[in-house]
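A short write-up of the structure that comes next.
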Amino acid sequence: MRAALRDHAGVISVHHNSSRTRRLLTAAGLAAAALAASLPAGAQAGAAAASVPPPRTSTPAEARTAAWLDAHPKEAARFYRDMPKGGDLHNHLSGAVRTEYLIQLAAEDGLCIDATTTAVAPPCAAGTRPAADALTDAAFRQRIVRAWSMQDFPQNESGHDHFFATFGKFGAATSHRGKMLADVAGTAAAQNQSYLETMVSPASDGAKQLAADVGWDADLAALHRKLLAGGRLDQLVATAKQEADTADAEFRDTARCATGNPGPACRITVRWISQVSRNSAPERVFTQIALGLRLAERDQRFVAVNLVQPEDGEISLRDYRLHMRMLDYLHGLYPAAHITLHAGELVPGLVKPEDLTFHIDDAVRTGRAERIGHGVDLVHENGWQRLARDMARRQIAVEVPLTSNAQILQVEGDEHPFPVYRKYGVPVVLSTDDPGVSRGDIGQEYRRAARTYGLGYPELKDLARASLEYSFLPGRSLWRSDPVRQGFRPVEECRALDSARCARFTARNPKARLELLQERSFRTFEARYTG
Ligand SMILES: [Zn+2]
């Protein structure tokens, strides 16, 4: 996790000052307006009707559940906490840990807090204080919480700089991957989720060294051969596996998974996604992509790669198309590994206009992305309607963290493309991004989506279903194909969900198994409201 610290620390240096980000507010003439402007009214309705079925009819239990929620608005927070919410598919591990727990880890590691509220290694020199002081000094603790998260940050100000600065401040406290996972998975369990794909940077120091040793070569095949020479890339795969073993052991120990009283975190199915630091030299980006894909093909705990660091960083922008070509080439060598990409986490004013016009498109066409993270700039892309229709047809899901988008990009409500994606039938999965920093949780994301976009309980339930459907879990689905546009209808084997035939089917298919468990969980949840 030290590596992740440096990745995130890099964020600070390339990010922009607040005044620049503030300009985004007025410039962000996003989804609704652009959609209305770009299509005549009839065509708009036609496009929507052609691709998306009308809101589905509710089952009696769903209708009673929805009615109960309408009648008990004060119970909404608990309702959204307890509702089954599938998986979190966009989650950066260090940014997802609760700040209070990071402070505890800093104290356990004997770290010091300096004058800029940054955790630093001991011994605690003049001008620093032991992090452990925060366990007994409430005012000191509160100061750290505010520096390491969005706690008490003024809502009418851009949180962009403050948000990204937190990673550098708490980074030194993020060296215990397994303990952090226990915290994050524990929160997921408390939120009635069953699955987590979380992002880390495997073998980061080794990958950086290997990249520096081989240098850049525009001949990608030759560059890949250099990485393999002498078994060096495989050494990194071995290192990454060892890191995962250590994290697993620490996780199981922290969550007491092997005891008679296992913690709720042990119920969560976890997969890792390998981060690639996109705002770095091309040889390093290539090495990290190759490592992440090779690792995903050799260790089933790892499922995918994702490019992280700000998409508006200087190198991220300069090399965007090159990175997509790297992914295209390496995908040919590692076709079984999955790819999901932060793409279009941009708004007008943050980048020059032409940079808003192609990132999502290039990610899905060249970069082989099976899912997109954020996708906020959709309607600024060239031919975006065609892109949205293609994404719907190919079932390329968009991972949407509404709170993160509001805090970092100040895009929310009608300016957010959430309703546009849904209108075109693109699968949407609600996610948290960095809930520790945001001081949020997935329940709040569902509540926010429901309130902002007028979604009823059946629509929320289908969003939860989508969050497992578009996960990178192996095996067949419980649902027939294209469920977002066609409705969630069980496959032939599971026409009767409780049948022996369905049990045999789900035993062979991990994705379908979690989906079936969630359907049972929905049944239990809805039964509360039938009285
Ligand atoms: Zn992210």
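Each chain of the structure tokens is named A, B, ... in the order shown, its residues numbered from 1; ligands are numbered from 1 in display order.
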
- Item | Environment of ligand 1 within 7 Å, counting only C-alpha atoms and all ligand atoms, reported as number ranges by chain | A: 90-92, 308, 342, 373, 433

- Query: So which residues of region 217-415 of chain A fall under alpha helix (DSSP H) by DSSP, listed as number ranges by chain?
  - Reply: A: 220-228, 232-254, 282-298, 314-318, 320-333, 359-365, 384-394, 402-404

Those residues with C-alpha atoms, as a PDB file, in the first residue's frame please?
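Output file again_2.pdb follows:
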ATOM      1  CA  LEU A 220       5.024  -3.048 -27.977  1.00  0.00           C
ATOM      2  CA  ALA A 221       5.795  -6.662 -28.841  1.00  0.00           C
ATOM      3  CA  ALA A 222       9.505  -6.019 -28.279  1.00  0.00           C
ATOM      4  CA  LEU A 223       8.748  -4.197 -25.041  1.00  0.00           C
ATOM      5  CA  HIS A 224       6.674  -7.099 -23.773  1.00  0.00           C
ATOM      6  CA  ARG A 225       9.487  -9.537 -24.635  1.00  0.00           C
ATOM      7  CA  LYS A 226      11.889  -7.396 -22.598  1.00  0.00           C
ATOM      8  CA  LEU A 227       9.548  -7.603 -19.593  1.00  0.00           C
ATOM      9  CA  LEU A 228       9.430 -11.373 -19.876  1.00  0.00           C
ATOM     10  CA  ARG A 232      11.280 -10.768 -14.492  1.00  0.00           C
ATOM     11  CA  LEU A 233       7.581 -10.171 -15.146  1.00  0.00           C
ATOM     12  CA  ASP A 234       6.832 -13.532 -13.573  1.00  0.00           C
ATOM     13  CA  GLN A 235       8.838 -12.506 -10.524  1.00  0.00           C
ATOM     14  CA  LEU A 236       6.469  -9.569 -10.165  1.00  0.00           C
ATOM     15  CA  VAL A 237       3.487 -11.896 -10.511  1.00  0.00           C
ATOM     16  CA  ALA A 238       4.975 -13.973  -7.694  1.00  0.00           C
ATOM     17  CA  THR A 239       5.494 -10.875  -5.550  1.00  0.00           C
ATOM     18  CA  ALA A 240       1.906  -9.797  -6.149  1.00  0.00           C
ATOM     19  CA  LYS A 241       0.658 -13.229  -5.144  1.00  0.00           C
ATOM     20  CA  GLN A 242       2.705 -13.088  -1.964  1.00  0.00           C
ATOM     21  CA  GLU A 243       1.266  -9.675  -1.140  1.00  0.00           C
ATOM     22  CA  ALA A 244      -2.214 -11.085  -1.656  1.00  0.00           C
ATOM     23  CA  ASP A 245      -1.404 -14.097   0.555  1.00  0.00           C
ATOM     24  CA  THR A 246      -0.216 -11.764   3.309  1.00  0.00           C
ATOM     25  CA  ALA A 247      -3.300  -9.589   2.918  1.00  0.00           C
ATOM     26  CA  ASP A 248      -5.592 -12.631   2.988  1.00  0.00           C
ATOM     27  CA  ALA A 249      -4.009 -13.909   6.201  1.00  0.00           C
ATOM     28  CA  GLU A 250      -4.160 -10.502   7.844  1.00  0.00           C
ATOM     29  CA  PHE A 251      -7.769 -10.066   6.705  1.00  0.00           C
ATOM     30  CA  ARG A 252      -8.871 -13.438   8.057  1.00  0.00           C
ATOM     31  CA  ASP A 253      -7.090 -12.786  11.318  1.00  0.00           C
ATOM     32  CA  THR A 254      -8.535  -9.280  11.722  1.00  0.00           C
ATOM     33  CA  PRO A 282       4.799   4.978 -20.797  1.00  0.00           C
ATOM     34  CA  GLU A 283       7.119   2.095 -19.894  1.00  0.00           C
ATOM     35  CA  ARG A 284       5.706   2.073 -16.372  1.00  0.00           C
ATOM     36  CA  VAL A 285       2.095   2.184 -17.589  1.00  0.00           C
ATOM     37  CA  PHE A 286       2.816  -0.671 -20.004  1.00  0.00           C
ATOM     38  CA  THR A 287       4.574  -2.727 -17.318  1.00  0.00           C
ATOM     39  CA  GLN A 288       1.725  -2.280 -14.834  1.00  0.00           C
ATOM     40  CA  ILE A 289      -0.902  -3.194 -17.443  1.00  0.00           C
ATOM     41  CA  ALA A 290       1.055  -6.301 -18.446  1.00  0.00           C
ATOM     42  CA  LEU A 291       1.513  -7.277 -14.798  1.00  0.00           C
ATOM     43  CA  GLY A 292      -2.168  -6.731 -13.948  1.00  0.00           C
ATOM     44  CA  LEU A 293      -3.425  -8.732 -16.932  1.00  0.00           C
ATOM     45  CA  ARG A 294      -0.902 -11.560 -16.451  1.00  0.00           C
ATOM     46  CA  LEU A 295      -1.765 -11.690 -12.762  1.00  0.00           C
ATOM     47  CA  ALA A 296      -5.495 -11.871 -13.511  1.00  0.00           C
ATOM     48  CA  GLU A 297      -4.885 -14.842 -15.794  1.00  0.00           C
ATOM     49  CA  ARG A 298      -2.769 -16.642 -13.184  1.00  0.00           C
ATOM     50  CA  GLU A 314      -0.577  16.047 -17.970  1.00  0.00           C
ATOM     51  CA  ILE A 315       0.733  12.630 -19.010  1.00  0.00           C
ATOM     52  CA  SER A 316      -2.690  10.987 -18.732  1.00  0.00           C
ATOM     53  CA  LEU A 317      -3.945  13.400 -21.390  1.00  0.00           C
ATOM     54  CA  ARG A 318      -0.838  13.312 -23.546  1.00  0.00           C
ATOM     55  CA  TYR A 320      -4.403   8.687 -23.572  1.00  0.00           C
ATOM     56  CA  ARG A 321      -4.564   7.105 -27.017  1.00  0.00           C
ATOM     57  CA  LEU A 322      -1.213   5.393 -26.492  1.00  0.00           C
ATOM     58  CA  HIS A 323      -2.531   3.811 -23.285  1.00  0.00           C
ATOM     59  CA  MET A 324      -5.580   2.533 -25.171  1.00  0.00           C
ATOM     60  CA  ARG A 325      -3.317   0.999 -27.821  1.00  0.00           C
ATOM     61  CA  MET A 326      -1.275  -0.675 -25.068  1.00  0.00           C
ATOM     62  CA  LEU A 327      -4.464  -2.182 -23.655  1.00  0.00           C
ATOM     63  CA  ASP A 328      -5.551  -3.316 -27.099  1.00  0.00           C
ATOM     64  CA  TYR A 329      -2.219  -5.005 -27.737  1.00  0.00           C
ATOM     65  CA  LEU A 330      -1.909  -6.631 -24.315  1.00  0.00           C
ATOM     66  CA  HIS A 331      -5.536  -7.751 -24.367  1.00  0.00           C
ATOM     67  CA  GLY A 332      -4.580  -9.838 -27.383  1.00  0.00           C
ATOM     68  CA  LEU A 333      -1.946 -11.583 -25.272  1.00  0.00           C
ATOM     69  CA  HIS A 359     -12.088   9.302 -23.942  1.00  0.00           C
ATOM     70  CA  ILE A 360     -15.049   6.996 -23.307  1.00  0.00           C
ATOM     71  CA  ASP A 361     -15.272   6.114 -26.974  1.00  0.00           C
ATOM     72  CA  ASP A 362     -11.579   5.241 -27.201  1.00  0.00           C
ATOM     73  CA  ALA A 363     -11.769   3.240 -23.957  1.00  0.00           C
ATOM     74  CA  VAL A 364     -14.541   0.996 -25.253  1.00  0.00           C
ATOM     75  CA  ARG A 365     -13.379   0.765 -28.880  1.00  0.00           C
ATOM     76  CA  TRP A 384     -22.175  10.279 -28.153  1.00  0.00           C
ATOM     77  CA  GLN A 385     -25.621   8.937 -29.023  1.00  0.00           C
ATOM     78  CA  ARG A 386     -24.023   6.243 -31.156  1.00  0.00           C
ATOM     79  CA  LEU A 387     -21.555   5.556 -28.365  1.00  0.00           C
ATOM     80  CA  ALA A 388     -24.369   5.223 -25.814  1.00  0.00           C
ATOM     81  CA  ARG A 389     -26.294   2.881 -28.109  1.00  0.00           C
ATOM     82  CA  ASP A 390     -23.150   0.784 -28.635  1.00  0.00           C
ATOM     83  CA  MET A 391     -22.515   0.590 -24.910  1.00  0.00           C
ATOM     84  CA  ALA A 392     -26.092  -0.552 -24.377  1.00  0.00           C
ATOM     85  CA  ARG A 393     -25.852  -3.144 -27.123  1.00  0.00           C
ATOM     86  CA  ARG A 394     -22.506  -4.453 -25.876  1.00  0.00           C
ATOM     87  CA  LEU A 402     -22.752  10.057  -7.390  1.00  0.00           C
ATOM     88  CA  THR A 403     -21.263  11.475  -4.185  1.00  0.00           C
ATOM     89  CA  SER A 404     -17.699  11.380  -5.502  1.00  0.00           C
TER      90      SER A 404
END

Using 12 Å as the limit and counting only C-alpha atoms, can you tabulate each residue of region 117-191 of chain A that touches region 68-81 of chain A, with its shortest atom-to-atom distance in Å and the two atoms involved, as a tab-separated table?
residue	atom	partner	partner_atom	distance
A:Thr187	CA	A:Arg81	CA	10.3
A:Ala188	CA	A:Arg81	CA	9.9
A:Ala189	CA	A:Arg81	CA	10.0
A:Ala190	CA	A:Arg81	CA	7.5
A:Gln191	CA	A:Arg81	CA	5.0

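Of the residues under consideration (A:Lys461, A:Arg146, A:Lys208, A:His176), A:Arg146 shows the shortest atom-to-atom contact distance to His162 (chain A) when counting only C-alpha atoms.
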
Skip Leu460 (chain A) itself and residues of its chain fewer than 3 positions away, then list as an mmCIF file with N, CA and C atoms, in the first residue's frame all residues within 10 Å of it, counting only C-alpha atoms.
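File written: result_26.cif
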data_model
loop_
_atom_site.group_PDB
_atom_site.id
_atom_site.type_symbol
_atom_site.label_atom_id
_atom_site.label_comp_id
_atom_site.auth_asym_id
_atom_site.auth_seq_id
_atom_site.Cartn_x
_atom_site.Cartn_y
_atom_site.Cartn_z
ATOM 1 N N TYR A 80 -32.399 1.951 3.392
ATOM 2 C CA TYR A 80 -31.348 1.848 2.367
ATOM 3 C C TYR A 80 -30.117 1.111 2.892
ATOM 4 N N MET A 83 -31.332 -2.714 2.743
ATOM 5 C CA MET A 83 -31.701 -3.282 1.444
ATOM 6 C C MET A 83 -30.510 -4.029 0.826
ATOM 7 N N PRO A 84 -30.721 -5.221 0.266
ATOM 8 C CA PRO A 84 -29.614 -5.907 -0.429
ATOM 9 C C PRO A 84 -29.100 -5.043 -1.573
ATOM 10 N N LYS A 85 -27.791 -4.854 -1.610
ATOM 11 C CA LYS A 85 -27.237 -3.935 -2.611
ATOM 12 C C LYS A 85 -26.078 -4.558 -3.397
ATOM 13 N N LEU A 430 -24.334 1.488 -9.290
ATOM 14 C CA LEU A 430 -23.960 2.475 -8.275
ATOM 15 C C LEU A 430 -22.742 1.969 -7.525
ATOM 16 N N TYR A 446 -27.567 4.825 -3.024
ATOM 17 C CA TYR A 446 -28.897 4.390 -3.481
ATOM 18 C C TYR A 446 -29.953 5.436 -3.125
ATOM 19 N N ARG A 447 -29.835 5.966 -1.917
ATOM 20 C CA ARG A 447 -30.816 6.968 -1.495
ATOM 21 C C ARG A 447 -30.706 8.221 -2.364
ATOM 22 N N ALA A 449 -29.599 8.381 -5.449
ATOM 23 C CA ALA A 449 -30.133 8.070 -6.784
ATOM 24 C C ALA A 449 -31.656 8.094 -6.763
ATOM 25 N N ALA A 450 -32.233 7.524 -5.716
ATOM 26 C CA ALA A 450 -33.699 7.471 -5.620
ATOM 27 C C ALA A 450 -34.294 8.871 -5.541
ATOM 28 N N LEU A 455 -36.339 7.367 -8.559
ATOM 29 C CA LEU A 455 -36.410 5.918 -8.754
ATOM 30 C C LEU A 455 -37.234 5.277 -7.647
ATOM 31 N N GLY A 456 -38.047 4.322 -8.033
ATOM 32 C CA GLY A 456 -38.816 3.562 -7.059
ATOM 33 C C GLY A 456 -38.053 2.326 -6.604
ATOM 34 N N TYR A 457 -38.618 1.639 -5.630
ATOM 35 C CA TYR A 457 -37.943 0.450 -5.100
ATOM 36 C C TYR A 457 -37.620 -0.597 -6.183
ATOM 37 N N LEU A 463 -31.028 -2.093 -9.966
ATOM 38 C CA LEU A 463 -29.655 -1.566 -9.911
ATOM 39 C C LEU A 463 -28.766 -2.491 -9.078
ATOM 40 N N ALA A 464 -29.304 -2.982 -7.978
ATOM 41 C CA ALA A 464 -28.538 -3.911 -7.141
ATOM 42 C C ALA A 464 -28.248 -5.202 -7.909
ATOM 43 N N ARG A 465 -29.254 -5.671 -8.651
ATOM 44 C CA ARG A 465 -29.033 -6.874 -9.471
ATOM 45 C C ARG A 465 -27.931 -6.626 -10.507
ATOM 46 N N ALA A 466 -27.965 -5.436 -11.122
ATOM 47 C CA ALA A 466 -26.962 -5.114 -12.151
ATOM 48 C C ALA A 466 -25.552 -5.119 -11.557
#

- Using the chain letters and numbers from this document, which residues of region 36-258 of chain A does DSSP assign to strand (DSSP E or B), as number ranges by chain? A: 87-88, 91-92, 112-113, 119-120, 129-130, 195-200

Write to file, as a PDB file, in the first residue's frame, the residues of the selection just made, with C-alpha atoms.
ATOM      1  CA  GLY A  87     -21.587  -5.559  -5.123  1.00  0.00           C
ATOM      2  CA  ASP A  88     -19.388  -2.487  -5.081  1.00  0.00           C
ATOM      3  CA  ASN A  91     -13.828   1.030  -4.827  1.00  0.00           C
ATOM      4  CA  HIS A  92     -10.255   2.160  -4.123  1.00  0.00           C
ATOM      5  CA  CYS A 112       3.583  10.828  13.815  1.00  0.00           C
ATOM      6  CA  ILE A 113       1.350  13.654  12.569  1.00  0.00           C
ATOM      7  CA  ALA A 119       1.168  10.946   8.781  1.00  0.00           C
ATOM      8  CA  VAL A 120       4.954  10.458   8.796  1.00  0.00           C
ATOM      9  CA  ARG A 129       2.812  14.607  17.521  1.00  0.00           C
ATOM     10  CA  PRO A 130       2.335  10.877  17.955  1.00  0.00           C
ATOM     11  CA  TYR A 195     -19.453  -8.707  -3.161  1.00  0.00           C
ATOM     12  CA  LEU A 196     -16.550  -6.308  -3.500  1.00  0.00           C
ATOM     13  CA  GLU A 197     -14.082  -5.563  -6.284  1.00  0.00           C
ATOM     14  CA  THR A 198     -11.475  -3.309  -4.746  1.00  0.00           C
ATOM     15  CA  MET A 199      -8.467  -1.633  -6.318  1.00  0.00           C
ATOM     16  CA  VAL A 200      -4.844  -1.908  -5.161  1.00  0.00           C
TER      17      VAL A 200
END

- Query: What does the distance from CA of Ala281 (chain A) to CA of Phe170 (chain A) come to in Å, to one decimal?
  - Reply: 25.1 Å

- Task: Considering only C-alpha atoms, return as a count of residues only whatever protein or nucleic-acid residues lie within 12 Å of Ala106 (chain A), sequence-local ones (same chain, fewer than 4 positions apart) excluded.
- Result: 31

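Note that CA of Pro474 (chain A) and CA of His338 (chain A) are 10.7 Å apart.
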
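Among A:Ser280, A:Pro154, A:Glu526, A:Arg520, the residue with the shortest atom-to-atom distance to Ala212 (chain A), counting only C-alpha atoms, is A:Ser280.
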
- Message: My list of candidates is A:Asp183, A:Asp137, A:Glu415, A:Asp82. Which is closest to Ser94 (chain A) when distances are computed with only C-alpha atoms?
- Response: A:Asp183
